[in-house]
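Novice: Below are the structure tokens for one structure; questions will follow.
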Amino acid sequence: MTRWEQLVKEQLPEAISVLQDYCRQPSISAQGIGILETVHILTELITKANGKYQLLNDCGGNPVVYAVFEPGPNGDPDKTILFYNHYDVQPPEPIEEWNYPPFGAEIHDEKMFARGVSDNKGDLIVRLQAISILQNNGGLPCRVKFLIEGEEEIGSPTLENVLQKHAGLFQADASIWEWSQKNKGEKIEIIMGVKGMCYLQLDCEGSELDIHSQYGSVLDNPAWRLIQALSSMRTVDNRISVEGFYDQIVPPAEELRQWSRDYPFDAQGVKEIFGLKRPLIVEEKNARDTFLFEPTMTVCGIESGYTGQGTKTILPKRSQAKLDCRLVPGQTPEDIASKIRAHLDKHGFDDIRVSVLSSLMPFRSDIHHPFAKTVITTAQRVYGDNHIALLPNFGGSGPMSLFGQYLGEEKPIVSIGCSWWGDQIHGPNESIRLADFEQAIRYMVELFISYEQAEASPSVSFE
């Protein structure tokens, strides 16, 4: 066992306790619950790890926490890593589907269960714990900064304002993103990008009040109308039929497809994890590339009329749907929203209102950047040569593109973390495995050291 492994193991009980305290504090941005209390916990953790912080609350929305940790006496002040994390979490509902209290942070079968423990509180504590270990054993090898926001789970609506106004604070040579996981093959995923997002609300109104359903033979029903509008945007074989939706996509280079070959898409495993009642909508052999490289259009929710206990015979006055489109390079949220609007107008649904609730651009970092090599080679040492999965992007979204826009497109952003394939983020019984948490702390310690020692090189090969 190396010195660093021993130190991580010795301090693991304290790290687990800190994570439990952090997860027990709700921080639900969608409901405005526990935000300032969570920020207070963060500032205490940063101060305890010998860091300095600023609360950036001059751009609207929830405070952004900026933190900086200076290098030790033998560290290199000319090298800086920026970490992106968020302290807000998804709502815990439906509460009745949790096996343990969503903010209890209980440990069962060597897993910690809590809303936000995987997305994204576990990774933040991993990083702060690694910093503390190095601070107490000679100092940090480089400068470390954090941007910790509180609105990621509602689309980061004010993050661009923060980056635009305070870009100077967050300058760094490279960034580590919020999260990643071990996949079903127990390979740690190293992710270089994210899909974009166009999140829409569709509203249809039929009358000023709910009407007796006897009039259903002569009056239009906004629920049926919205269903018909949604149906017109997707074919029975699950292709998006909005005109021009796929036109601007930049196809991934063959190199990127090869680079992601280690990403396993286990259909049976997915069925077991999520309890699927229906088969995949693509052939299993194409599932990986579809997941990574294709855009989506998802109905996230529909609301209309009476859905309570028993019966109520009404023709509802209104209907509403929430729709998200995950976007790939070449697509923009503005263009997709415009094309959906044009599609509805063309097909006779011009009365349906379309509102953009949030938007994010897709983003991919350069897979050949020297920092990527450092991240990968360090992971090979800690996790093992055959336990690495390299992904050009993940299927989810995040504000990576804003970092590129305001901090430098050429600066790499790499995502790596402590989660696992069964973590059930955004759902009941979210969890991390304690063994992964420990291993991630060791990895982060090693990455700091490797980064300070790394020499820049013009290109990297992943053959």
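Going by the structure tokens order, chains are called A, B, ..., each with residues numbered from 1, while ligands are numbered from 1 in the order shown.
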Name all residues at most 12 Å from Ser415 of chain A (count only C-alpha atoms; drop same-chain ones fewer than 2 positions away) and give them as a PDB file with C-alpha atoms, in the first residue's frame.

Specialist:
```
ATOM      1  CA  LEU A  82     -10.581  24.552 -11.948  1.00  0.00           C
ATOM      2  CA  PHE A  83     -13.300  22.255 -10.580  1.00  0.00           C
ATOM      3  CA  TYR A  84     -16.948  22.658 -11.477  1.00  0.00           C
ATOM      4  CA  ASN A  85     -19.499  21.320  -9.002  1.00  0.00           C
ATOM      5  CA  ASP A 123     -17.714  14.283  -5.893  1.00  0.00           C
ATOM      6  CA  ALA A 174      -7.845  22.959 -17.383  1.00  0.00           C
ATOM      7  CA  SER A 175     -11.123  22.016 -15.720  1.00  0.00           C
ATOM      8  CA  ILE A 176     -12.485  18.901 -14.056  1.00  0.00           C
ATOM      9  CA  TRP A 177     -16.254  18.575 -14.461  1.00  0.00           C
ATOM     10  CA  GLU A 178     -18.792  17.524 -11.890  1.00  0.00           C
ATOM     11  CA  TRP A 179     -19.389  13.806 -12.253  1.00  0.00           C
ATOM     12  CA  SER A 180     -18.793  10.433 -13.825  1.00  0.00           C
ATOM     13  CA  GLN A 181     -19.400   6.811 -12.961  1.00  0.00           C
ATOM     14  CA  ILE A 188     -14.449   4.274 -14.750  1.00  0.00           C
ATOM     15  CA  GLU A 189     -15.764   6.633 -17.413  1.00  0.00           C
ATOM     16  CA  ILE A 190     -13.613   9.577 -18.454  1.00  0.00           C
ATOM     17  CA  ILE A 191     -15.907  11.985 -20.279  1.00  0.00           C
ATOM     18  CA  MET A 192     -14.835  14.870 -22.522  1.00  0.00           C
ATOM     19  CA  GLY A 193     -18.170  16.498 -23.302  1.00  0.00           C
ATOM     20  CA  VAL A 194     -21.921  16.742 -22.866  1.00  0.00           C
ATOM     21  CA  ARG A 364     -16.722  18.442 -26.604  1.00  0.00           C
ATOM     22  CA  SER A 365     -13.119  18.978 -25.540  1.00  0.00           C
ATOM     23  CA  PHE A 371      -4.280  17.283 -19.837  1.00  0.00           C
ATOM     24  CA  ALA A 372      -6.458  14.443 -21.129  1.00  0.00           C
ATOM     25  CA  VAL A 375      -6.185  12.303 -16.501  1.00  0.00           C
ATOM     26  CA  ILE A 376      -6.135   8.987 -18.353  1.00  0.00           C
ATOM     27  CA  ALA A 389     -13.783   3.812 -20.551  1.00  0.00           C
ATOM     28  CA  LEU A 390     -13.090   6.913 -22.666  1.00  0.00           C
ATOM     29  CA  LEU A 391     -16.166   8.812 -23.850  1.00  0.00           C
ATOM     30  CA  PRO A 392     -16.153  11.866 -26.165  1.00  0.00           C
ATOM     31  CA  ASN A 393     -19.370  12.964 -24.471  1.00  0.00           C
ATOM     32  CA  PHE A 394     -22.078  11.670 -22.192  1.00  0.00           C
ATOM     33  CA  GLY A 398     -24.537  20.598 -18.466  1.00  0.00           C
ATOM     34  CA  MET A 400     -19.728  23.058 -20.255  1.00  0.00           C
ATOM     35  CA  PRO A 412      -9.877  21.090 -21.826  1.00  0.00           C
ATOM     36  CA  ILE A 413     -12.775  20.040 -19.627  1.00  0.00           C
ATOM     37  CA  GLY A 417     -16.079  11.059 -10.460  1.00  0.00           C
ATOM     38  CA  CYS A 418     -17.126   8.549  -7.822  1.00  0.00           C
ATOM     39  CA  SER A 419     -20.536   7.277  -8.963  1.00  0.00           C
TER      40      SER A 419
END
```

Novice: May I have the residues within 12 Å of His40 of chain A as a ChimeraX atom specification, using only C-alpha atoms and disregarding those fewer than 2 positions away in the same chain?

Specialist: /A:22,25,27,34-38,42-47,53-55,63-65,87

Novice: Just give me the gap between atom CA of Val445 of chain A and atom CA of Gly75 of chain A in Å, one decimal is fine.

Specialist: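 If I compute the distance from atom CA of Val445 of chain A to atom CA of Gly75 of chain A, I get 13.8 Å.
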
Novice: Using only C-alpha atoms, which protein or nucleic acid residues come within 12 Å of Glu14 of chain A? Drop anything in the same chain fewer than 6 positions from it, and give the result as a ChimeraX atom specification.

Specialist: /A:7-8,20-21,125-126,129,132-133,438

Novice: How would the residues just chosen look if you wrote them out with N, CA and C atoms as a PDB file, in the first residue's frame?

Specialist:
```
ATOM      1  N   LEU A   7      -2.958   7.092   3.691  1.00  0.00           N
ATOM      2  CA  LEU A   7      -3.537   8.328   4.216  1.00  0.00           C
ATOM      3  C   LEU A   7      -5.022   8.418   3.891  1.00  0.00           C
ATOM      4  N   VAL A   8      -5.384   8.041   2.667  1.00  0.00           N
ATOM      5  CA  VAL A   8      -6.797   8.066   2.276  1.00  0.00           C
ATOM      6  C   VAL A   8      -7.598   7.121   3.161  1.00  0.00           C
ATOM      7  N   GLN A  20     -21.941  12.667   4.894  1.00  0.00           N
ATOM      8  CA  GLN A  20     -23.266  12.458   5.481  1.00  0.00           C
ATOM      9  C   GLN A  20     -23.872  13.780   5.951  1.00  0.00           C
ATOM     10  N   ASP A  21     -23.076  14.588   6.632  1.00  0.00           N
ATOM     11  CA  ASP A  21     -23.578  15.887   7.101  1.00  0.00           C
ATOM     12  C   ASP A  21     -24.016  16.763   5.929  1.00  0.00           C
ATOM     13  N   ILE A 125     -17.071  16.362  -2.099  1.00  0.00           N
ATOM     14  CA  ILE A 125     -16.346  15.954  -0.890  1.00  0.00           C
ATOM     15  C   ILE A 125     -15.098  15.153  -1.266  1.00  0.00           C
ATOM     16  N   VAL A 126     -15.152  14.346  -2.309  1.00  0.00           N
ATOM     17  CA  VAL A 126     -13.944  13.660  -2.800  1.00  0.00           C
ATOM     18  C   VAL A 126     -12.830  14.669  -3.050  1.00  0.00           C
ATOM     19  N   GLN A 129     -11.617  16.461   0.157  1.00  0.00           N
ATOM     20  CA  GLN A 129     -10.862  15.543   1.001  1.00  0.00           C
ATOM     21  C   GLN A 129      -9.457  15.334   0.445  1.00  0.00           C
ATOM     22  N   SER A 132      -7.444  18.334   1.359  1.00  0.00           N
ATOM     23  CA  SER A 132      -7.072  18.328   2.776  1.00  0.00           C
ATOM     24  C   SER A 132      -5.895  17.398   3.044  1.00  0.00           C
ATOM     25  N   ILE A 133      -5.919  16.226   2.427  1.00  0.00           N
ATOM     26  CA  ILE A 133      -4.811  15.276   2.617  1.00  0.00           C
ATOM     27  C   ILE A 133      -3.499  15.881   2.132  1.00  0.00           C
ATOM     28  N   GLU A 438     -13.852   5.972  -1.762  1.00  0.00           N
ATOM     29  CA  GLU A 438     -12.461   5.895  -1.311  1.00  0.00           C
ATOM     30  C   GLU A 438     -11.498   5.908  -2.489  1.00  0.00           C
TER      31      GLU A 438
END
```

Novice: Step one, run DSSP on the backbone; step two, keep only residues of segment 120-275 of chain A assigned to strand (DSSP E or B); then write them as a PyMOL selection string.

Specialist: chain A and resi 142-149+174-177+181-182+188-191+193-205+211-212+234+240

Novice: Restricting the calculation to only C-alpha atoms: of A:Asp76, A:Asp436, A:Asp220, A:Glu205, which residue gets closest to Gly139 of chain A?

Specialist: A:Asp76

Novice: Taking only segment 158-332 of chain A into account, list the residues labelled alpha helix (DSSP H) by DSSP (computed from the backbone), as a ChimeraX atom specification.

Specialist: /A:159-166,222-231,254-259,267-274,287-293

Novice: Quick one: pull the distance between atom CA of Ile281 of chain A and atom CA of Asn238 of chain A, Å, one decimal.

Specialist: 6.9 Å

Novice: Quick one: residues within 8 Å of Ile240 of chain A, only C-alpha atoms, excluding same-chain residues fewer than 6 positions away - as a PyMOL selection string?

Specialist: chain A and resi 233-234+296-297

Novice: Selected residues, N, CA and C atoms, written as a compact mmCIF listing (two decimals), in the first residue's frame, please.

Specialist:
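Here's the written file out.txt:
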```txt
# COMPACT_ATOMS: atom_id res chain seq x y z
N MET A 233 -44.75 15.08 -33.95
CA MET A 233 -43.32 15.39 -33.94
C MET A 233 -42.44 14.16 -33.84
N ARG A 234 -43.06 12.97 -33.81
CA ARG A 234 -42.27 11.74 -33.68
C ARG A 234 -42.99 10.62 -34.40
N THR A 296 -32.14 13.80 -28.93
CA THR A 296 -33.37 13.20 -28.42
C THR A 296 -34.50 14.23 -28.39
N MET A 297 -35.71 13.74 -28.29
CA MET A 297 -36.87 14.57 -27.96
C MET A 297 -37.70 13.76 -26.97
```

Novice: One number please: atom CA of Glu446 of chain A to atom CA of Gly384 of chain A, in Å, one decimal.

Specialist: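 Rounded to one decimal, the two atoms are 13.6 Å apart.
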
Novice: From the set A:Pro279, A:Gly330, A:Pro92, A:Gly116, which residue has the shortest atom-to-atom contact distance to Glu152 of chain A, counting only C-alpha atoms?

Specialist: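 The closest residue to Glu152 of chain A is A:Gly116.
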
Novice: Go through segment 200-307 of chain A residue by residue and, counting only C-alpha atoms, keep those with an atom at most 12 Å from segment 331-341 of chain A; for each kept residue give the shortest atom pair and its distance in Å to one decimal, ordered by chain and increasing number, as CSV.

Specialist:
```
residue,atom,partner,partner_atom,distance
A:Leu200,CA,A:Ala337,CA,7.8
A:Gln201,CA,A:Ala337,CA,10.5
A:Leu202,CA,A:Arg341,CA,10.1
A:Ala229,CA,A:Ile340,CA,10.5
A:Leu230,CA,A:Ile340,CA,10.3
A:Ser232,CA,A:Ile340,CA,10.6
A:Met233,CA,A:Ile340,CA,8.2
A:Arg234,CA,A:Ile340,CA,11.5
A:Ile240,CA,A:Ile340,CA,10.5
A:Ser241,CA,A:Ile340,CA,9.8
A:Val242,CA,A:Ile340,CA,6.3
A:Glu243,CA,A:Lys339,CA,6.9
A:Gly244,CA,A:Lys339,CA,7.0
A:Phe245,CA,A:Ile336,CA,6.6
A:Tyr246,CA,A:Gln331,CA,8.1
A:Asp247,CA,A:Gln331,CA,8.4
A:Gln248,CA,A:Gln331,CA,5.7
A:Ile249,CA,A:Gln331,CA,5.8
A:Val250,CA,A:Gln331,CA,8.2
A:Pro251,CA,A:Gln331,CA,11.1
A:Phe293,CA,A:Gln331,CA,12.0
A:Glu294,CA,A:Gln331,CA,10.9
A:Pro295,CA,A:Gln331,CA,8.9
A:Thr296,CA,A:Ile336,CA,11.3
A:Met297,CA,A:Ile336,CA,10.5
```

Novice: Quick one: everything within 9 Å of Ala172 of chain A, counting only C-alpha atoms, minus sequence neighbours fewer than 2 positions away in the same chain. Send it as a PyMOL selection string.

Specialist: chain A and resi 79-82+143-145+169-170+174-175+407+411

Novice: Those same residues, written as a PDB file, in the first residue's frame with C-alpha atoms?

Specialist:
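Full text of result21.pdb as output:
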```pdb
ATOM      1  CA  LYS A  79      -0.445  25.550 -12.944  1.00  0.00           C
ATOM      2  CA  THR A  80      -4.108  25.832 -12.059  1.00  0.00           C
ATOM      3  CA  ILE A  81      -6.981  23.337 -12.123  1.00  0.00           C
ATOM      4  CA  LEU A  82     -10.581  24.552 -11.948  1.00  0.00           C
ATOM      5  CA  ARG A 143      -3.280  26.065  -7.498  1.00  0.00           C
ATOM      6  CA  VAL A 144      -6.843  24.750  -7.253  1.00  0.00           C
ATOM      7  CA  LYS A 145     -10.053  26.701  -7.879  1.00  0.00           C
ATOM      8  CA  LEU A 169     -11.626  34.676 -11.089  1.00  0.00           C
ATOM      9  CA  PHE A 170     -12.030  31.348 -12.851  1.00  0.00           C
ATOM     10  CA  ALA A 174      -7.845  22.959 -17.383  1.00  0.00           C
ATOM     11  CA  SER A 175     -11.123  22.016 -15.720  1.00  0.00           C
ATOM     12  CA  LEU A 407     -12.762  30.752 -20.119  1.00  0.00           C
ATOM     13  CA  LYS A 411      -8.887  24.705 -22.511  1.00  0.00           C
TER      14      LYS A 411
END
```

Novice: Excluding Gly185 of chain A and its own-chain neighbours fewer than 3 positions away, which residues fall within 12 Å of it when counting only C-alpha atoms? Please give them as a JSON list (two decimals) with N, CA and C atoms, in the first residue's frame.

Specialist:
```
[["chain", "number", "residue", "atom", "x", "y", "z"],
["A", 181, "GLN", "N", -19.03, 8.03, -13.66],
["A", 181, "GLN", "CA", -19.40, 6.81, -12.96],
["A", 181, "GLN", "C", -18.57, 5.63, -13.46],
["A", 182, "LYS", "N", -18.62, 4.56, -12.68],
["A", 182, "LYS", "CA", -18.19, 3.26, -13.19],
["A", 182, "LYS", "C", -19.38, 2.65, -13.92],
["A", 188, "ILE", "N", -14.22, 2.87, -15.07],
["A", 188, "ILE", "CA", -14.45, 4.27, -14.75],
["A", 188, "ILE", "C", -14.52, 5.07, -16.06],
["A", 189, "GLU", "N", -15.56, 5.86, -16.19],
["A", 189, "GLU", "CA", -15.76, 6.63, -17.41],
["A", 189, "GLU", "C", -15.05, 7.98, -17.32],
["A", 262, "ASP", "N", -15.24, 1.29, -25.63],
["A", 262, "ASP", "CA", -15.26, 0.61, -24.34],
["A", 262, "ASP", "C", -16.52, 0.90, -23.54],
["A", 263, "TYR", "N", -17.41, 1.72, -24.11],
["A", 263, "TYR", "CA", -18.64, 2.01, -23.36],
["A", 263, "TYR", "C", -19.64, 0.89, -23.60],
["A", 264, "PRO", "N", -19.95, 0.10, -22.59],
["A", 264, "PRO", "CA", -20.88, -1.00, -22.79],
["A", 264, "PRO", "C", -22.33, -0.55, -22.60],
["A", 265, "PHE", "N", -23.18, -0.92, -23.50],
["A", 265, "PHE", "CA", -24.61, -0.66, -23.30],
["A", 265, "PHE", "C", -25.28, -2.02, -23.15],
["A", 266, "ASP", "N", -25.50, -2.39, -21.92],
["A", 266, "ASP", "CA", -26.05, -3.70, -21.57],
["A", 266, "ASP", "C", -27.56, -3.57, -21.44],
["A", 269, "GLY", "N", -29.00, -5.28, -18.42],
["A", 269, "GLY", "CA", -28.66, -4.54, -17.21],
["A", 269, "GLY", "C", -29.52, -3.31, -17.02],
["A", 386, "ASN", "N", -7.20, -1.90, -17.72],
["A", 386, "ASN", "CA", -8.39, -2.45, -18.38],
["A", 386, "ASN", "C", -9.69, -2.01, -17.73],
["A", 387, "HIS", "N", -9.62, -0.98, -16.90],
["A", 387, "HIS", "CA", -10.82, -0.51, -16.20],
["A", 387, "HIS", "C", -11.09, 0.97, -16.48],
["A", 388, "ILE", "N", -10.80, 1.38, -17.73],
["A", 388, "ILE", "CA", -11.00, 2.76, -18.17],
["A", 388, "ILE", "C", -11.92, 2.76, -19.38],
["A", 389, "ALA", "N", -12.92, 3.62, -19.38],
["A", 389, "ALA", "CA", -13.78, 3.81, -20.55],
["A", 389, "ALA", "C", -13.71, 5.29, -20.96],
["A", 420, "TRP", "N", -21.57, 5.21, -9.68],
["A", 420, "TRP", "CA", -21.58, 3.86, -10.25],
["A", 420, "TRP", "C", -22.85, 3.67, -11.07],
["A", 421, "TRP", "N", -22.86, 2.61, -11.86],
["A", 421, "TRP", "CA", -23.92, 2.41, -12.85],
["A", 421, "TRP", "C", -25.31, 2.24, -12.22],
["A", 422, "GLY", "N", -25.37, 1.83, -10.97],
["A", 422, "GLY", "CA", -26.66, 1.64, -10.31],
["A", 422, "GLY", "C", -27.02, 2.76, -9.36]]
```

Novice: So which residues touch Ala167 of chain A within 12 Å, counting only C-alpha atoms, skipping near sequence neighbours fewer than 3 positions away, as a list of chain:residue names?

Specialist: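 Those residues are A:Leu56, A:Tyr66, A:Leu147, A:Leu159, A:Glu160, A:Asn161, A:Val162, A:Leu163, A:Gln164, A:Phe170, A:Gln171, A:Ala172, A:Leu402, A:Phe403, A:Gly404, A:Gln405, A:Tyr406, A:Leu407, A:Gly408.
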
Novice: Can you work out which one of A:Val68, A:Val382, A:Leu134, A:Ala223 has the shortest atom-to-atom distance to Ala321 of chain A, counting only C-alpha atoms?

Specialist: A:Ala223
